[in-house]
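What follows is a short report on a single structure.
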Number of protein chains: 2
Amino acid sequence: MLSQKYLDMLSGKSVIRELSEYAVARGKEIGYENVFDYTLGNPSVPVPDSYNDSLIRLIGSKSAMDLHGYSQSLGIREVREAVANSLKKRFGVDYTLNHIFMTSGAAGAIAHAIRLVTVPGDEVITFAPYFPEYNPYVNHTGAVLKIVPPNTEDFQINFDAFESMINEKTMAVLINTPNNPSGIVYSTKTIKRLAEVLTQKSKQYGHIIYLISDEPYREIVFEGVDAPYVAKFYDATITCYSFSKSLSVPGDRIGYVAINPACPDAETMIVMCGQISRGIGHNCPSAIIQWAVSENLDVTADLSVYEKNMNILYDALTDLGFRVVKPGGTFYIFPKALEDDAVAFCNKGKEYDFIGVPANSFGCPGYFRLAYCIETEKVIRSVEALKRFVKEKY
Amino acid sequence: MLSQKYLDMLSGKSVIRELSEYAVARGKEIGYENVFDYTLGNPSVPVPDSYNDSLIRLIGSKSAMDLHGYSQSLGIREVREAVANSLKKRFGVDYTLNHIFMTSGAAGAIAHAIRLVTVPGDEVITFAPYFPEYNPYVNHTGAVLKIVPPNTEDFQINFDAFESMINEKTMAVLINTPNNPSGIVYSTKTIKRLAEVLTQKSKQYGHIIYLISDEPYREIVFEGVDAPYVAKFYDATITCYSFSKSLSVPGDRIGYVAINPACPDAETMIVMCGQISRGIGHNCPSAIIQWAVSENLDVTADLSVYEKNMNILYDALTDLGFRVVKPGGTFYIFPKALEDDAVAFCNKGKEYDFIGVPANSFGCPGYFRLAYCIETEKVIRSVEALKRFVKEKY
């Protein structure tokens, strides 16, 4: 019989996707350039030339076996070594290839991380506002995702609520900084306090509580923002990375798990990832893509447009009286709606072809997300639409 | 705490991998050209030029967004359509893009297929000899893999044993034809009878028993061999395909699920695959690889070497008195060892640097597998070693 679990999911369509489809359909009516579509977190800047150059050079120079043959089950050794060296150089953490497992993006990395440190029934804690895909990522392993309510003051961690939710079943805490959807970067103070709580609670419950740090936006941090490297502050950190945003290659499906060398059994955990893959049909990311990113570890796409867009939107929103915490990174901004019901607010915005996503599914009702990975010229025009929207409706 | 399930798996090292590592280590002592390494099923013929040409052309012509942007969650529409059209043209089954879900290889395809049609506790039946990875592929979903004992007469299906093992918990039957490790192709007669049994048992138990057909070796079929397209014979067929062997691109991680349009709810099942992906972190295969295979659907690598190698080995083995069923496809041959204990037999072979894999883990003790995806010149030299081995030891 067909699995009821997955049949049931078909009715629960993603709000983001529905609004994105609306925006595209609306674009067919009035021209997509006239729809201020802030729905999707799809990088808008092109891949760096050096990445495509790498692909072409690899095809011309590598043997068929190196390029198209099976890669080792933990990822290509040279690639893992290059990733480890790059992380070590940048962040001063002593990774070696034995702490790196190549995955097809952050989703693949999290799929392994959760299975590494939980069994069905265990609890994983995350913090609102949070990426809604964390629900299937965690709950489909059999573990249970618990959501700490948001600290809407500054979107750092709500520690009182967090500490009260930790119990003997808590095996991992999943954070995302810079954060989707808030755009906030957890400060050094926040990460230090988080590490202290985890250390103390690990001792109290007699088992390690792992910190799973989901970092696809690590390279998109704005000027002057304090953006600590999480693993430096807590030994039992499992870093989940994706190159999707830094290199603008979400379709290439490439990322990794990096386990802090100071984490007990770190090297064993990497080998365990290879076993987890066998059950989820994941195997390795494409060999050619592994090689290409290994040649582009210290490169990013031109990410400056995101900060420019953020500043335009932040200024316009604050001028218009929105309550909004200034993003420290990513390509999201997360204002409070001008009425309690953010769904109603976003629906009114549609009349002005200003399409944001209400944040109910992000665990933060009353707020909405704008994904400003679009052209700056369009952001500027959208401000005019937003002004009319606010003036006429509020 | 670290998952005991995956920790336990670390001690159970794969026999294939152990022997392969032995062969490589031995190669460092005496020169790898002198080791008759028949351990790994790693395609030895190069990728067709047209495939690399496609990659280079795509990089030069597609927009960054088309090439490196997110592909739709079921796979790129044009690619799915091209796959459907190719299957329709070749096999006369009316697939459309709505029956195709792109995956990263057959492992990814099976990971989705099992989760589609089972819940934990359900049973999936397969037939010995079988690919040992079916154990984690099935058991890690929570379903239970049941093994029908081999029909060593001709390695077609042992129907008496099979029928006695079907019960109300049986939700799927997983077949692999052409078969790893036997090299046998299920005949039209076998597939027809299998379809009859499944139809009758589906009726008896009041639910569909799905046929999951794992077909990575579909394009490697030898002259004159009857190789029916499985889905033509049974409506509820879920075909799992990989391009790894046909295009010699196992490192590219690309394949698909194709659901017979005649299967009830076929299109819904494809959409469900997109939901399953969210929980196993699979997402799509790399967009650029999807595009490249879509331009090479009617192409294969030069697979003729496999038949040549098979004939040399088959003749030599039969001359030496081995009991061996002639393979109809793949790059495997599966003789009975010259003593009951195939492990002891293979260990003796090592003295002659003739490295085969004993078939205990394939569910067929007393037999051994030779993966003859190696150079023909080496196959010829290996026959001399085999002759000495048999003469001196038996």
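Each chain of the structure tokens is named A, B, ... in the order shown, its residues numbered from 1; ligands are numbered from 1 in display order.
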
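Within region 127-241 of chain B, DSSP applied to the backbone places the following residues in strand (DSSP E): Phe127, Val144, Leu145, Lys146, Ile147, Val148, Thr170, Met171, Ala172, Val173, Leu174, Ile175, Asn176, Tyr210, Leu211, Ile212, Ser213, Asp214, Thr237, Ile238, Thr239, Cys240 and Tyr241 of chain B.
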
Would you mind exporting N, CA and C atoms of the selected residues as an mmCIF file, in the first residue's frame?
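File produced: result11.cif:
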data_model
loop_
_atom_site.group_PDB
_atom_site.id
_atom_site.type_symbol
_atom_site.label_atom_id
_atom_site.label_comp_id
_atom_site.auth_asym_id
_atom_site.auth_seq_id
_atom_site.Cartn_x
_atom_site.Cartn_y
_atom_site.Cartn_z
ATOM 1 N N PHE B 127 15.423 -12.122 -4.343
ATOM 2 C CA PHE B 127 15.817 -13.474 -4.728
ATOM 3 C C PHE B 127 17.326 -13.641 -4.688
ATOM 4 N N VAL B 144 11.390 -4.937 6.062
ATOM 5 C CA VAL B 144 12.217 -6.113 6.342
ATOM 6 C C VAL B 144 12.481 -6.862 5.037
ATOM 7 N N LEU B 145 13.754 -7.077 4.726
ATOM 8 C CA LEU B 145 14.110 -7.792 3.490
ATOM 9 C C LEU B 145 14.069 -9.295 3.728
ATOM 10 N N LYS B 146 13.321 -10.007 2.890
ATOM 11 C CA LYS B 146 13.245 -11.467 2.950
ATOM 12 C C LYS B 146 13.890 -12.035 1.686
ATOM 13 N N ILE B 147 14.691 -13.085 1.881
ATOM 14 C CA ILE B 147 15.469 -13.613 0.757
ATOM 15 C C ILE B 147 14.939 -14.976 0.321
ATOM 16 N N VAL B 148 14.523 -15.089 -0.920
ATOM 17 C CA VAL B 148 14.131 -16.385 -1.471
ATOM 18 C C VAL B 148 15.402 -17.150 -1.835
ATOM 19 N N THR B 170 3.656 -8.743 2.804
ATOM 20 C CA THR B 170 4.491 -8.525 1.617
ATOM 21 C C THR B 170 3.941 -7.359 0.807
ATOM 22 N N MET B 171 4.713 -6.294 0.712
ATOM 23 C CA MET B 171 4.256 -5.106 -0.015
ATOM 24 C C MET B 171 5.008 -4.923 -1.322
ATOM 25 N N ALA B 172 6.173 -5.514 -1.430
ATOM 26 C CA ALA B 172 6.946 -5.322 -2.658
ATOM 27 C C ALA B 172 7.886 -6.491 -2.883
ATOM 28 N N VAL B 173 8.195 -6.693 -4.160
ATOM 29 C CA VAL B 173 9.184 -7.685 -4.568
ATOM 30 C C VAL B 173 10.251 -6.923 -5.347
ATOM 31 N N LEU B 174 11.496 -7.158 -4.973
ATOM 32 C CA LEU B 174 12.612 -6.405 -5.551
ATOM 33 C C LEU B 174 13.435 -7.354 -6.416
ATOM 34 N N ILE B 175 13.488 -7.072 -7.714
ATOM 35 C CA ILE B 175 14.279 -7.927 -8.604
ATOM 36 C C ILE B 175 15.392 -7.116 -9.265
ATOM 37 N N ASN B 176 16.373 -7.838 -9.745
ATOM 38 C CA ASN B 176 17.540 -7.232 -10.372
ATOM 39 C C ASN B 176 17.919 -8.087 -11.574
ATOM 40 N N TYR B 210 3.797 -4.454 -5.079
ATOM 41 C CA TYR B 210 4.540 -3.734 -6.112
ATOM 42 C C TYR B 210 5.771 -4.529 -6.547
ATOM 43 N N LEU B 211 6.131 -4.357 -7.809
ATOM 44 C CA LEU B 211 7.349 -4.959 -8.342
ATOM 45 C C LEU B 211 8.374 -3.841 -8.537
ATOM 46 N N ILE B 212 9.421 -3.883 -7.746
ATOM 47 C CA ILE B 212 10.495 -2.893 -7.874
ATOM 48 C C ILE B 212 11.597 -3.536 -8.691
ATOM 49 N N SER B 213 11.822 -2.988 -9.874
ATOM 50 C CA SER B 213 12.760 -3.602 -10.817
ATOM 51 C C SER B 213 14.017 -2.743 -10.910
ATOM 52 N N ASP B 214 15.079 -3.269 -10.357
ATOM 53 C CA ASP B 214 16.366 -2.561 -10.284
ATOM 54 C C ASP B 214 17.170 -2.923 -11.534
ATOM 55 N N THR B 237 4.629 -1.760 -11.593
ATOM 56 C CA THR B 237 6.086 -1.872 -11.634
ATOM 57 C C THR B 237 6.736 -0.505 -11.430
ATOM 58 N N ILE B 238 7.669 -0.473 -10.496
ATOM 59 C CA ILE B 238 8.480 0.715 -10.255
ATOM 60 C C ILE B 238 9.878 0.390 -10.752
ATOM 61 N N THR B 239 10.277 1.017 -11.854
ATOM 62 C CA THR B 239 11.582 0.736 -12.441
ATOM 63 C C THR B 239 12.617 1.686 -11.839
ATOM 64 N N CYS B 240 13.720 1.123 -11.376
ATOM 65 C CA CYS B 240 14.812 1.914 -10.804
ATOM 66 C C CYS B 240 16.011 1.794 -11.729
ATOM 67 N N TYR B 241 16.432 2.919 -12.257
ATOM 68 C CA TYR B 241 17.492 2.874 -13.257
ATOM 69 C C TYR B 241 18.676 3.728 -12.827
#

Using DSSP assignments from the backbone, pull out every residue in region 109-172 of chain A that falls under alpha helix (DSSP H) and give it to me as a compact mmCIF listing (two decimals) with N, CA and C atoms, in the first residue's frame.
# COMPACT_ATOMS: atom_id res chain seq x y z
N ALA A 109 23.73 16.87 4.32
CA ALA A 109 24.58 16.93 5.51
C ALA A 109 23.73 16.75 6.78
N ILE A 110 22.62 17.47 6.84
CA ILE A 110 21.76 17.37 8.03
C ILE A 110 21.15 15.97 8.14
N ALA A 111 20.79 15.38 7.00
CA ALA A 111 20.24 14.02 7.01
C ALA A 111 21.20 13.05 7.68
N HIS A 112 22.49 13.24 7.46
CA HIS A 112 23.49 12.38 8.10
C HIS A 112 23.69 12.77 9.56
N ALA A 113 23.78 14.06 9.83
CA ALA A 113 24.09 14.52 11.19
C ALA A 113 23.03 14.05 12.19
N ILE A 114 21.76 14.20 11.80
CA ILE A 114 20.69 13.81 12.73
C ILE A 114 20.75 12.31 13.00
N ARG A 115 20.93 11.52 11.94
CA ARG A 115 20.98 10.06 12.12
C ARG A 115 22.20 9.61 12.92
N LEU A 116 23.28 10.39 12.85
CA LEU A 116 24.50 10.07 13.60
C LEU A 116 24.24 10.04 15.10
N VAL A 117 23.47 11.00 15.60
CA VAL A 117 23.45 11.25 17.04
C VAL A 117 22.08 11.07 17.68
N TYR A 134 13.27 22.00 8.29
CA TYR A 134 13.79 21.25 9.44
C TYR A 134 12.78 20.22 9.95
N ASN A 135 11.49 20.48 9.74
CA ASN A 135 10.49 19.49 10.16
C ASN A 135 10.70 18.13 9.49
N PRO A 136 10.65 18.05 8.14
CA PRO A 136 10.92 16.73 7.55
C PRO A 136 12.36 16.26 7.78
N TYR A 137 13.32 17.19 7.75
CA TYR A 137 14.72 16.78 7.93
C TYR A 137 14.87 15.99 9.23
N VAL A 138 14.24 16.48 10.29
CA VAL A 138 14.42 15.83 11.60
C VAL A 138 13.35 14.75 11.82
N ASN A 139 12.09 15.12 11.63
CA ASN A 139 11.02 14.19 12.02
C ASN A 139 11.02 12.90 11.19
N PHE A 159 17.17 32.17 25.73
CA PHE A 159 17.82 31.15 26.56
C PHE A 159 16.93 30.59 27.67
N ASP A 160 16.08 31.43 28.24
CA ASP A 160 15.21 30.91 29.32
C ASP A 160 14.32 29.78 28.79
N ALA A 161 13.67 30.06 27.67
CA ALA A 161 12.80 29.04 27.09
C ALA A 161 13.61 27.82 26.68
N PHE A 162 14.78 28.06 26.10
CA PHE A 162 15.65 26.97 25.65
C PHE A 162 16.02 26.04 26.81
N GLU A 163 16.52 26.63 27.89
CA GLU A 163 16.99 25.78 29.01
C GLU A 163 15.85 24.97 29.60
N SER A 164 14.67 25.55 29.61
CA SER A 164 13.54 24.81 30.20
C SER A 164 13.09 23.66 29.31
N MET A 165 13.49 23.68 28.03
CA MET A 165 13.05 22.62 27.12
C MET A 165 14.05 21.46 27.01

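In this model, the gap between CA of Val343 (chain B) and CA of Ser382 (chain B) comes to 19.2 Å.
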
message: Give me the residues near region 80-89 of chain A as a PyMOL selection string, where near means some atom within 9 Å (using only C-alpha atoms) and where sequence neighbours in that chain fewer than 5 positions away do not count.
response: chain A and resi 74-75+94-102+256+258+290+294-295+297-298

field: Å distance separating CA of Arg278 (chain B) from CA of Leu58 (chain B), one decimal place
entry: 28.1 Å
